[in-house]
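Data block for input_6.txt (compact mmCIF, C-alpha atoms):
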```txt
# COMPACT_ATOMS: atom_id res chain seq x y z
CA MET A 24 64.14 -51.94 47.19
CA ASP A 25 66.70 -52.57 44.43
CA HIS A 26 66.37 -51.27 40.89
CA ALA A 27 64.59 -54.39 39.62
CA SER A 28 62.13 -54.42 42.51
CA ASP A 29 61.33 -50.76 41.97
CA ASP A 30 60.76 -51.43 38.27
CA ARG A 31 58.52 -54.39 39.05
CA ALA A 32 56.40 -52.16 41.29
CA LEU A 33 56.23 -49.53 38.56
CA ILE A 34 55.17 -52.08 35.93
CA LYS A 35 52.42 -53.23 38.26
CA ALA A 36 51.25 -49.64 38.69
CA ILE A 37 51.43 -49.08 34.91
CA ALA A 38 49.23 -52.15 34.40
CA GLY A 39 46.72 -50.47 36.68
CA GLY A 40 46.67 -47.39 34.46
CA ASP A 41 49.04 -45.15 36.45
CA ALA A 42 50.48 -42.74 33.86
CA LYS A 43 52.84 -41.21 36.42
CA ALA A 44 54.32 -44.65 37.03
CA LEU A 45 54.98 -44.93 33.30
CA GLU A 46 56.82 -41.61 33.41
CA ARG A 47 58.95 -42.78 36.34
CA PHE A 48 59.63 -46.07 34.57
CA PHE A 49 60.59 -44.10 31.46
CA ALA A 50 62.89 -41.77 33.43
CA ARG A 51 64.68 -44.74 34.98
CA ASN A 52 65.14 -46.70 31.76
CA GLN A 53 65.10 -44.29 28.82
CA THR A 54 68.89 -43.93 28.62
CA ARG A 55 69.43 -47.67 28.58
CA VAL A 56 66.77 -48.22 25.91
CA PHE A 57 67.75 -45.26 23.73
CA ARG A 58 71.41 -46.26 23.71
CA TYR A 59 70.55 -49.87 22.91
CA LEU A 60 68.36 -48.82 19.98
CA THR A 61 70.83 -46.23 18.69
CA ARG A 62 73.64 -48.76 18.70
CA ILE A 63 71.55 -51.16 16.62
CA VAL A 64 69.79 -48.91 14.10
CA ARG A 65 72.65 -46.36 14.02
CA ASN A 66 70.29 -43.44 13.60
CA GLU A 67 69.27 -41.33 16.59
CA ALA A 68 66.05 -40.03 15.03
CA VAL A 69 64.90 -43.57 14.26
CA ALA A 70 66.02 -44.71 17.71
CA GLU A 71 63.94 -41.96 19.30
CA GLU A 72 60.83 -43.04 17.40
CA LEU A 73 61.44 -46.65 18.34
CA MET A 74 61.99 -45.72 21.99
CA ASN A 75 58.55 -44.13 22.00
CA GLU A 76 57.11 -47.31 20.53
CA VAL A 77 58.92 -49.41 23.15
CA PHE A 78 57.48 -47.52 26.12
CA LEU A 79 54.08 -47.29 24.46
CA ALA A 80 54.17 -51.07 24.09
CA ALA A 81 55.19 -51.35 27.75
CA TRP A 82 52.23 -49.13 28.68
CA GLN A 83 49.84 -51.27 26.69
CA SER A 84 51.21 -54.66 27.68
CA ALA A 85 52.26 -54.12 31.30
CA ALA A 86 49.32 -56.21 32.48
CA ARG A 87 50.78 -59.18 30.63
CA TYR A 88 54.19 -58.91 32.35
CA GLU A 89 54.30 -61.94 34.62
CA GLY A 90 57.47 -61.06 36.48
CA ARG A 91 59.34 -64.17 35.41
CA SER A 92 62.10 -62.16 33.72
CA GLU A 93 63.92 -59.10 34.99
CA PRO A 94 62.14 -55.84 34.08
CA THR A 95 65.20 -54.74 32.13
CA THR A 96 65.24 -57.96 30.12
CA TRP A 97 61.53 -57.57 29.39
CA LEU A 98 62.03 -53.99 28.24
CA ILE A 99 65.10 -54.76 26.10
CA SER A 100 63.20 -57.67 24.55
CA ILE A 101 60.56 -55.23 23.37
CA ALA A 102 63.30 -52.89 22.11
CA HIS A 103 65.02 -55.76 20.28
CA ASN A 104 61.82 -56.69 18.45
CA LYS A 105 61.14 -53.07 17.50
CA ALA A 106 64.69 -52.59 16.23
CA VAL A 107 64.73 -55.81 14.21
CA SER A 108 61.36 -54.97 12.69
CA SER A 109 62.57 -51.47 11.80
CA LEU A 110 65.74 -52.77 10.14
CA ARG A 111 63.75 -55.37 8.22
CA LYS A 112 61.29 -52.76 6.93
CA LYS A 113 64.14 -50.49 5.92
CA ARG A 114 65.77 -53.28 3.92
CA GLU A 115 62.47 -54.18 2.26
CA VAL A 116 61.76 -50.57 1.29
CA SER A 117 65.22 -49.54 0.11
CA GLY A 118 66.69 -52.88 -0.91
CA TYR A 119 69.90 -51.52 0.55
CA ASP A 120 71.72 -53.49 3.18
CA GLU A 121 73.75 -51.08 5.29
CA GLU A 122 75.33 -53.95 7.17
CA VAL A 123 76.88 -55.34 4.01
CA ALA A 124 77.74 -51.90 2.70
CA GLY A 125 79.32 -50.93 6.01
CA GLN A 126 81.53 -53.97 6.03
CA ILE A 127 82.67 -53.35 2.47
CA GLU A 128 83.58 -49.78 3.31
CA ASP A 129 85.47 -50.90 6.38
CA GLU A 130 87.82 -52.96 4.26
CA ALA A 131 89.17 -49.86 2.57
CA ASP A 132 92.27 -48.41 4.17
CA THR A 133 91.30 -44.75 3.95
CA PRO A 134 93.46 -41.92 5.34
CA GLU A 135 91.03 -41.78 8.24
CA VAL A 136 91.64 -45.43 9.00
CA THR A 137 95.37 -44.92 8.77
CA THR A 138 95.11 -42.18 11.37
CA GLN A 139 92.97 -44.39 13.56
CA LYS A 140 95.65 -47.03 13.59
CA LEU A 141 97.58 -44.66 15.78
CA ASP A 142 94.84 -44.75 18.40
CA LYS A 143 93.95 -48.18 19.70
CA ALA A 144 90.73 -47.09 21.38
CA ALA A 145 89.54 -45.34 18.23
CA SER A 146 90.45 -48.41 16.21
CA MET A 147 88.46 -50.56 18.58
CA ARG A 148 85.42 -48.30 18.16
CA ALA A 149 85.79 -48.28 14.39
CA ALA A 150 86.19 -52.05 14.32
CA MET A 151 83.03 -52.45 16.40
CA GLN A 152 81.19 -50.36 13.84
CA GLY A 153 82.33 -52.84 11.21
CA LEU A 154 80.63 -55.75 12.96
CA SER A 155 77.29 -57.11 11.79
CA VAL A 156 74.20 -55.94 13.65
CA GLU A 157 73.94 -59.31 15.42
CA HIS A 158 77.52 -59.09 16.65
CA ARG A 159 77.22 -55.44 17.71
CA GLU A 160 74.04 -56.28 19.56
CA ILE A 161 75.46 -59.21 21.51
CA LEU A 162 78.47 -57.12 22.59
CA ASP A 163 76.13 -54.41 23.87
CA LEU A 164 73.78 -56.83 25.57
CA VAL A 165 76.61 -58.42 27.52
CA TYR A 166 79.01 -55.57 28.19
CA TYR A 167 76.69 -52.57 28.53
CA GLN A 168 73.22 -53.96 29.26
CA GLU A 169 74.84 -56.56 31.54
CA GLN A 170 72.57 -59.38 30.51
CA SER A 171 73.41 -62.93 31.55
CA VAL A 172 73.55 -65.77 29.03
CA SER A 173 69.97 -66.82 29.80
CA GLU A 174 68.68 -63.24 29.68
CA ALA A 175 70.37 -62.58 26.34
CA ALA A 176 68.88 -65.83 25.06
CA GLU A 177 65.43 -64.64 26.09
CA ILE A 178 65.88 -61.26 24.42
CA LEU A 179 67.20 -62.71 21.18
CA SER A 180 64.93 -65.76 21.22
CA ILE A 181 67.85 -68.11 20.63
CA PRO A 182 69.31 -71.01 22.69
CA GLU A 183 71.83 -70.18 25.42
CA ALA A 184 74.55 -72.14 23.60
CA THR A 185 74.01 -69.92 20.56
CA VAL A 186 74.35 -66.81 22.74
CA LYS A 187 77.77 -68.00 23.88
CA THR A 188 78.98 -68.90 20.41
CA ARG A 189 77.58 -65.69 18.89
CA MET A 190 79.52 -63.68 21.44
CA PHE A 191 82.60 -65.80 20.78
CA TYR A 192 82.45 -65.14 17.04
CA ALA A 193 81.63 -61.48 17.52
CA ARG A 194 84.84 -61.09 19.51
CA LYS A 195 86.76 -63.19 17.01
CA LYS A 196 85.54 -60.99 14.18
CA LEU A 197 86.50 -57.94 16.21
CA SER A 198 90.04 -59.27 16.47
CA GLU A 199 90.11 -59.82 12.70
CA LEU A 200 88.92 -56.27 12.01
CA LEU A 201 91.55 -54.92 14.40
CA ALA A 202 94.21 -57.02 12.69
CA GLU A 203 93.22 -55.38 9.40
CA ARG A 204 93.92 -52.09 11.14
CA GLY A 205 97.36 -53.24 12.18
CA ILE A 206 96.50 -54.25 15.74
CA ASP A 207 97.33 -57.81 16.82
CA ARG A 208 95.41 -58.66 19.97
CA GLY A 209 97.03 -62.06 20.35
CA TRP A 210 93.65 -63.80 20.21
CA PRO A 211 92.41 -65.97 18.63
CA MET B 8 97.25 -66.27 25.42
CA ILE B 9 94.61 -68.67 24.27
CA LYS B 10 95.02 -70.05 20.80
CA ALA B 11 91.92 -71.25 19.03
CA LYS B 12 92.46 -74.94 18.39
CA SER B 13 90.22 -75.08 15.38
CA LYS B 14 90.51 -72.65 12.50
CA ALA B 15 87.54 -74.26 10.81
CA MET B 16 84.87 -72.68 13.03
CA LYS B 17 82.57 -70.95 10.60
CA ASP B 18 79.24 -70.59 12.26
CA GLU B 19 77.50 -70.51 15.58
CA THR B 20 76.52 -74.14 15.63
CA GLU B 21 79.96 -75.72 15.79
CA THR B 22 81.22 -77.23 19.01
CA LEU B 23 83.90 -75.26 20.82
CA SER B 24 87.08 -76.75 22.25
CA GLU B 25 87.62 -76.52 26.01
CA ALA B 26 89.88 -73.48 25.62
CA ASP B 27 87.30 -71.84 23.38
CA GLU B 28 84.51 -72.72 25.78
CA ILE B 29 86.41 -70.90 28.51
CA ALA B 30 87.06 -68.02 26.13
CA ALA B 31 83.33 -67.91 25.37
CA LEU B 32 82.56 -67.48 29.06
CA LEU B 33 85.02 -64.63 29.65
CA PRO B 34 82.69 -61.77 28.66
CA TRP B 35 80.27 -62.81 31.40
CA TYR B 36 83.17 -63.46 33.75
CA VAL B 37 84.15 -59.82 33.21
CA SER B 38 80.60 -58.43 33.46
CA GLY B 39 79.90 -60.44 36.62
CA LYS B 40 76.68 -61.85 35.16
CA ILE B 41 77.94 -65.41 35.21
CA SER B 42 76.56 -68.46 36.99
CA THR B 43 78.41 -69.70 40.05
CA SER B 44 79.34 -72.95 38.34
CA ASP B 45 80.68 -71.22 35.20
CA LYS B 46 82.68 -68.77 37.32
CA ALA B 47 84.20 -71.64 39.26
CA ARG B 48 85.05 -73.35 35.97
CA VAL B 49 86.87 -70.26 34.69
CA ASP B 50 88.66 -69.72 38.01
CA ALA B 51 89.89 -73.32 37.98
CA TYR B 52 91.04 -73.03 34.36
CA VAL B 53 92.96 -69.85 35.09
CA VAL B 54 94.95 -71.65 37.82
CA THR B 55 96.24 -74.21 35.32
CA HIS B 56 96.36 -71.84 32.34
CA PRO B 57 97.62 -68.48 33.67
CA GLU B 58 97.92 -67.17 30.11
CA VAL B 59 94.14 -66.76 30.17
CA ARG B 60 94.62 -63.66 32.29
CA ALA B 61 95.74 -61.82 29.16
CA HIS B 62 92.51 -62.82 27.46
CA ILE B 63 90.49 -61.61 30.44
CA ALA B 64 92.24 -58.27 30.03
CA LEU B 65 91.15 -58.20 26.37
CA ALA B 66 87.54 -58.78 27.38
CA ARG B 67 87.79 -55.93 29.91
CA GLU B 68 89.18 -53.71 27.16
CA GLU B 69 86.18 -54.55 24.97
CA ALA B 70 83.77 -53.90 27.81
CA ASP B 71 85.36 -50.50 28.42
CA GLU B 72 85.03 -49.51 24.77
CA VAL B 73 81.41 -50.64 24.56
CA PHE B 74 80.72 -48.64 27.73
CA ASN B 75 82.44 -45.54 26.34
CA ALA B 76 80.58 -45.79 23.01
CA ASN B 77 77.27 -46.00 24.87
CA GLN B 78 78.14 -43.12 27.18
CA ALA B 79 78.58 -40.88 24.14
CA ILE B 80 74.90 -41.31 23.21
CA VAL B 81 72.66 -38.68 24.79
CA VAL B 82 68.91 -39.06 25.12
CA PRO B 83 66.89 -36.26 23.43
CA ARG B 84 65.58 -33.72 25.94
CA ASP B 85 61.96 -33.80 24.78
CA ALA B 86 61.65 -37.59 24.79
CA LEU B 87 59.24 -37.62 27.73
CA ASP B 88 56.91 -35.05 26.11
CA LYS B 89 56.77 -37.20 22.98
CA LEU B 90 55.93 -40.25 25.03
CA ARG B 91 53.15 -38.35 26.80
CA ALA B 92 51.70 -37.32 23.45
CA ALA B 93 51.95 -40.87 22.13
CA VAL B 94 50.26 -42.27 25.22
CA ALA B 95 47.53 -39.64 25.08
CA SER B 96 46.71 -40.42 21.45
CA SER B 97 46.69 -44.19 21.67
CA PRO B 98 44.44 -46.81 23.20
CA SER B 99 45.92 -47.43 26.61
CA ALA B 100 45.87 -49.66 29.59
CA ARG B 101 44.76 -46.63 31.57
CA LEU B 102 41.69 -46.15 29.42
CA HIS B 103 40.76 -49.77 29.80
CA ALA B 104 41.30 -49.54 33.54
CA VAL B 105 39.13 -46.43 33.84
CA GLN B 106 36.42 -48.04 31.73
CA ALA B 107 36.54 -51.17 33.86
CA THR B 108 36.31 -49.13 37.07
CA LEU B 109 33.41 -47.09 35.74
CA LEU B 110 31.56 -50.19 34.62
CA ASP B 111 32.11 -51.74 38.05
CA LYS B 112 30.78 -48.63 39.78
CA ILE B 113 27.78 -48.42 37.45
CA GLY B 114 27.09 -52.10 38.07
CA VAL B 115 27.18 -51.65 41.86
CA PHE B 116 25.04 -48.49 41.60
CA LEU B 117 22.41 -50.07 39.38
CA GLY B 118 22.41 -53.26 41.38
CA GLY B 119 21.33 -51.35 44.47
CA LEU B 120 18.39 -49.58 42.83
CA ALA B 121 14.70 -50.45 42.95
CA PRO B 122 12.98 -50.84 39.54
CA ARG B 123 11.46 -47.32 39.64
CA GLN B 124 14.83 -45.80 40.65
CA LEU B 125 16.41 -47.78 37.83
CA ALA B 126 14.10 -46.11 35.33
CA TYR B 127 14.99 -42.64 36.68
CA ALA B 128 18.71 -43.51 36.47
CA GLY B 129 18.26 -44.46 32.82
CA VAL B 130 16.61 -41.13 32.07
CA ALA B 131 19.42 -39.27 33.88
CA ALA B 132 22.07 -41.12 31.87
CA ALA B 133 20.29 -40.32 28.61
CA LEU B 134 20.14 -36.66 29.61
CA ALA B 135 23.87 -36.59 30.38
CA ILE B 136 24.65 -38.02 26.95
CA ALA B 137 22.35 -35.47 25.31
CA VAL B 138 24.04 -32.57 27.14
CA GLN B 139 27.47 -33.79 26.05
CA ALA B 140 26.29 -34.11 22.43
CA ALA B 141 24.84 -30.61 22.58
CA SER B 142 28.18 -29.22 23.79
CA ILE B 143 30.04 -30.81 20.91
CA GLY B 144 27.33 -29.62 18.54
CA ALA B 145 27.72 -26.08 19.87
CA LEU B 146 31.43 -26.19 19.14
CA LEU B 147 30.79 -27.49 15.66
CA GLN B 148 28.25 -24.74 15.05
CA GLY B 149 30.69 -22.15 16.34
CA GLN B 150 33.43 -23.07 13.87
CA SER B 151 35.01 -20.12 12.14
CA GLY B 152 38.01 -19.51 9.95
CA THR B 153 40.12 -18.20 12.76
CA GLY B 154 39.44 -20.68 15.50
CA GLY B 155 37.04 -23.23 16.89
CA TYR B 156 36.29 -26.73 15.74
CA GLN B 157 36.94 -28.06 12.27
CA THR B 158 35.94 -31.53 11.16
CA ALA B 159 38.40 -33.47 9.11
CA SER B 160 36.07 -35.36 6.80
CA GLY B 161 37.92 -35.95 3.57
CA GLN B 162 40.20 -32.95 4.06
CA LYS B 163 43.57 -34.59 4.48
CA ASP B 164 45.50 -31.41 3.68
CA THR B 165 43.96 -29.58 6.60
CA LEU B 166 45.15 -32.37 8.84
CA ARG B 167 48.73 -32.24 7.65
CA SER B 168 49.66 -28.61 7.04
CA GLY B 169 50.76 -26.41 9.93
CA THR B 170 51.81 -27.07 13.51
CA PHE B 171 49.69 -29.20 15.82
CA ALA B 172 49.20 -30.11 19.46
CA LEU B 173 47.39 -32.91 21.22
CA VAL B 174 44.97 -31.44 23.73
CA ALA B 175 42.49 -32.83 26.24
CA PHE B 176 39.86 -30.45 27.61
CA GLN B 177 38.35 -30.34 31.06
CA PRO B 178 35.09 -32.34 31.03
CA ALA B 179 33.24 -29.42 32.68
CA ALA B 180 34.64 -26.74 30.34
CA PRO B 181 31.71 -24.58 29.09
CA ALA B 182 31.42 -24.83 25.30
CA GLY B 183 31.03 -21.04 24.91
CA THR B 184 34.13 -20.24 26.96
CA LEU B 185 36.10 -22.93 25.18
CA SER B 186 35.06 -21.74 21.75
CA ALA B 187 35.95 -18.12 22.63
CA PHE B 188 39.35 -19.21 23.96
CA LEU B 189 40.11 -21.16 20.77
CA ALA B 190 39.04 -18.27 18.54
CA GLU B 191 41.00 -15.74 20.58
CA ASN B 192 44.18 -17.76 20.19
CA LYS B 193 43.50 -18.78 16.57
CA LEU B 194 43.46 -22.44 17.52
CA THR B 195 41.49 -24.95 15.49
CA ILE B 196 40.41 -28.43 16.51
CA VAL B 197 40.99 -30.53 13.41
CA GLU B 198 40.50 -34.05 14.69
CA GLY B 199 39.17 -35.99 17.64
CA PRO B 200 38.30 -37.01 20.11
CA LYS B 201 40.84 -39.82 20.02
CA ALA B 202 41.19 -42.47 22.70
CA GLY B 203 41.36 -40.81 26.09
CA GLY B 204 39.37 -37.77 24.89
CA VAL B 205 42.34 -36.14 23.18
CA PHE B 206 41.88 -33.72 20.28
CA ARG B 207 44.33 -32.69 17.58
CA VAL B 208 44.52 -28.91 17.56
CA ARG B 209 46.21 -26.73 14.93
CA LEU B 210 48.38 -24.12 16.60
CA SER B 211 49.24 -22.38 13.34
CA ASP B 212 48.95 -22.79 9.59
CA ALA B 213 52.71 -22.35 9.44
CA ALA B 214 55.50 -24.56 10.77
CA LEU B 215 56.31 -22.96 14.12
CA SER B 216 59.72 -22.93 15.74
CA ALA B 217 60.22 -25.04 18.87
CA ALA B 218 60.13 -21.88 20.99
CA ASP B 219 56.82 -20.76 19.45
CA VAL B 220 55.34 -24.20 20.01
CA GLU B 221 56.38 -24.03 23.66
CA THR B 222 54.73 -20.60 23.96
CA ALA B 223 51.50 -21.89 22.41
CA LEU B 224 51.52 -24.94 24.68
CA ALA B 225 52.11 -22.70 27.70
CA THR B 226 49.05 -20.65 26.69
CA LEU B 227 46.98 -23.82 26.56
CA LYS B 228 48.31 -25.22 29.81
CA ALA B 229 47.73 -21.92 31.60
CA ARG B 230 43.97 -22.36 31.14
CA THR B 231 43.61 -25.14 33.65
CA ASP B 232 39.87 -24.46 33.79
CA LEU B 233 39.59 -25.51 30.13
CA VAL B 234 42.63 -27.69 29.35
CA SER B 235 43.71 -30.81 31.20
CA PHE B 236 46.56 -31.84 28.90
CA ALA B 237 48.56 -30.31 26.05
CA SER B 238 51.60 -31.57 24.20
CA ALA B 239 53.23 -31.08 20.81
CA ALA B 240 51.86 -33.47 18.19
CA PRO B 241 53.64 -35.15 15.30
CA GLN B 242 53.11 -33.59 11.86
CA THR B 243 51.01 -36.43 10.49
CA PRO B 244 47.97 -37.62 12.38
```

Once more with this new file: its structure as structure tokens, please.
Amino acid sequence: MDHASDDRALIKAIAGGDAKALERFFARNQTRVFRYLTRIVRNEAVAEELMNEVFLAAWQSAARYEGRSEPTTWLISIAHNKAVSSLRKKREVSGYDEEVAGQIEDEADTPEVTTQKLDKAASMRAAMQGLSVEHREILDLVYYQEQSVSEAAEILSIPEATVKTRMFYARKKLSELLAERGIDRGWP
Amino acid sequence: MIKAKSKAMKDETETLSEADEIAALLPWYVSGKISTSDKARVDAYVVTHPEVRAHIALAREEADEVFNANQAIVVPRDALDKLRAAVASSPSARLHAVQATLLDKIGVFLGGLAPRQLAYAGVAAALAIAVQAASIGALLQGQSGTGGYQTASGQKDTLRSGTFALVAFQPAAPAGTLSAFLAENKLTIVEGPKAGGVFRVRLSDAALSAADVETALATLKARTDLVSFASAAPQTP
């Protein structure tokens, strides 16, 4: 069986109350989920708590998984909702928008940034950190989580056309941020 | 290189030009998660617009960096233990499944009984419940300052201070043996049973180090005749 088929079998076993199946499912997918959450909330402790919530939700709702989407897409959908909810609560409690603050800070040409201009890869990483959460997320969904247009649309609950354009503008913004760091990618 | 034809694109709802539509497909072209028709469209476009190859290289560069950034993130080592504890202390599909199975079995059993047998079965069930209540009562009676069972009614501080574990006991564990074991190891049951028969047990009044928590959990797990599950618990119940 391939990875997805194995995961489908595990979800079926989890729905039947097999705790060992949940542990196997966790072992197979924890890295993917933890990295996804960490990249969005940018805090490993929070990501760890959310990962627990994600697999707990999988444990409790496995019986409702109908198999229409890939197991990975189903799991990342749960993670997406947990992460968005967490970020929303954080904004409501603190009134502080790290996304906005992060972008403001990124405009400053600090000595650190100057050094990073010497290293294209480091500049790319720094520029990615300067993207909005929506743009960071779409880059991760496509390039690391390897989700198709339709799968990303399902996870984000947006139309497929919007997935494509969101990715387009994420990459465009990335080029702009790199240009601010002295790197001309030649696109757009 | 592809040049964006429109500089006025401000949001995600605007229509893309053909070149931009191709550019929008390139991330999936690179990841391989692209439909056959879209891949054919990109392939055909590349033939007539070879400059797109440079843009494909850019997308690969982005994919590599996203991959590298993700690879640098390491999953915490005790993540599975935390999940086990969370599952043990929450309503679960497993609990529902076990309840459903038990109800099915009871239904089949009762359905096969004659009226007089049914009456005897009812008495037996009542006795079983009484014995279980007596066991819990014995633990409550045996509470002491150094170990045993402590109710949590209105005493929030006792629930929060110290180091805790989530523990499930063997259904057949004798109350006397269990109480002695708890007292001997200065363990106190402060809350429970939660869903799945799990209790919150104080390992120490103080905040223990991770190594000390592991030692205490090992002591619990070693008594397989009394303990069926033990895992570190979060600070707040």

| query | Between A:His103, A:Arg114, A:Arg91, A:Lys187, which one has atoms that come closest to Val172 (chain A), using all atoms listed in the file? | reply |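 That would be A:Lys187, the residue with the smallest distance to Val172 (chain A).
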
| Among the residues A:Arg87, A:Arg58, A:Lys195, A:Lys112, the one that comes closest to chain B [using all atoms listed in the file] |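 That would be A:Arg58, the residue with the smallest distance to chain B.
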
Please provide the set of residues having any atom within 12 Å of Ile161 (chain A), restricted to only C-alpha atoms, with same-chain residues fewer than 4 positions apart removed, written as a short mmCIF file (atom, residue, chain, number, x, y, z; two decimals) with C-alpha atoms, in the coordinates of the input.
```
data_model
loop_
_atom_site.label_atom_id
_atom_site.label_comp_id
_atom_site.auth_asym_id
_atom_site.auth_seq_id
_atom_site.Cartn_x
_atom_site.Cartn_y
_atom_site.Cartn_z
CA TYR A 59 70.55 -49.87 22.91
CA ARG A 62 73.64 -48.76 18.70
CA ILE A 63 71.55 -51.16 16.62
CA HIS A 103 65.02 -55.76 20.28
CA MET A 151 83.03 -52.45 16.40
CA LEU A 154 80.63 -55.75 12.96
CA SER A 155 77.29 -57.11 11.79
CA VAL A 156 74.20 -55.94 13.65
CA GLU A 157 73.94 -59.31 15.42
CA VAL A 165 76.61 -58.42 27.52
CA TYR A 166 79.01 -55.57 28.19
CA TYR A 167 76.69 -52.57 28.53
CA GLN A 168 73.22 -53.96 29.26
CA GLU A 169 74.84 -56.56 31.54
CA GLN A 170 72.57 -59.38 30.51
CA SER A 171 73.41 -62.93 31.55
CA VAL A 172 73.55 -65.77 29.03
CA GLU A 174 68.68 -63.24 29.68
CA ALA A 175 70.37 -62.58 26.34
CA ALA A 176 68.88 -65.83 25.06
CA ILE A 178 65.88 -61.26 24.42
CA LEU A 179 67.20 -62.71 21.18
CA ILE A 181 67.85 -68.11 20.63
CA THR A 185 74.01 -69.92 20.56
CA VAL A 186 74.35 -66.81 22.74
CA LYS A 187 77.77 -68.00 23.88
CA THR A 188 78.98 -68.90 20.41
CA ARG A 189 77.58 -65.69 18.89
CA MET A 190 79.52 -63.68 21.44
CA PHE A 191 82.60 -65.80 20.78
CA TYR A 192 82.45 -65.14 17.04
CA ALA A 193 81.63 -61.48 17.52
CA ARG A 194 84.84 -61.09 19.51
CA PRO B 34 82.69 -61.77 28.66
CA TRP B 35 80.27 -62.81 31.40
CA ALA B 70 83.77 -53.90 27.81
CA VAL B 73 81.41 -50.64 24.56
#
```

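Taking CA of Ser100 (chain A) and CA of Val94 (chain B) as endpoints, the distance between them is 20.1 Å.
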
| request: Find the residues around Ala50 (chain A) up to 12 Å (all atoms listed in the file counted), leave out those fewer than 3 positions away in its own chain, and share them as a list in words. | output: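 What passes the distance filter is Asp30, Leu33, Lys43, Ala44, Leu45, Glu46, Arg47, Gln53, Thr54, Arg55, Val56, Phe57 and Phe78 of chain A; Val82, Arg84, Asp85, Ala86, Leu87, Asp88 and Leu90 of chain B.
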
| field | Straight-line distance linking CA of Glu72 (chain A) with CA of Lys201 (chain B), stated in Å to one decimal | value |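 Going from CA of Glu72 (chain A) over to CA of Lys201 (chain B) covers 20.4 Å.
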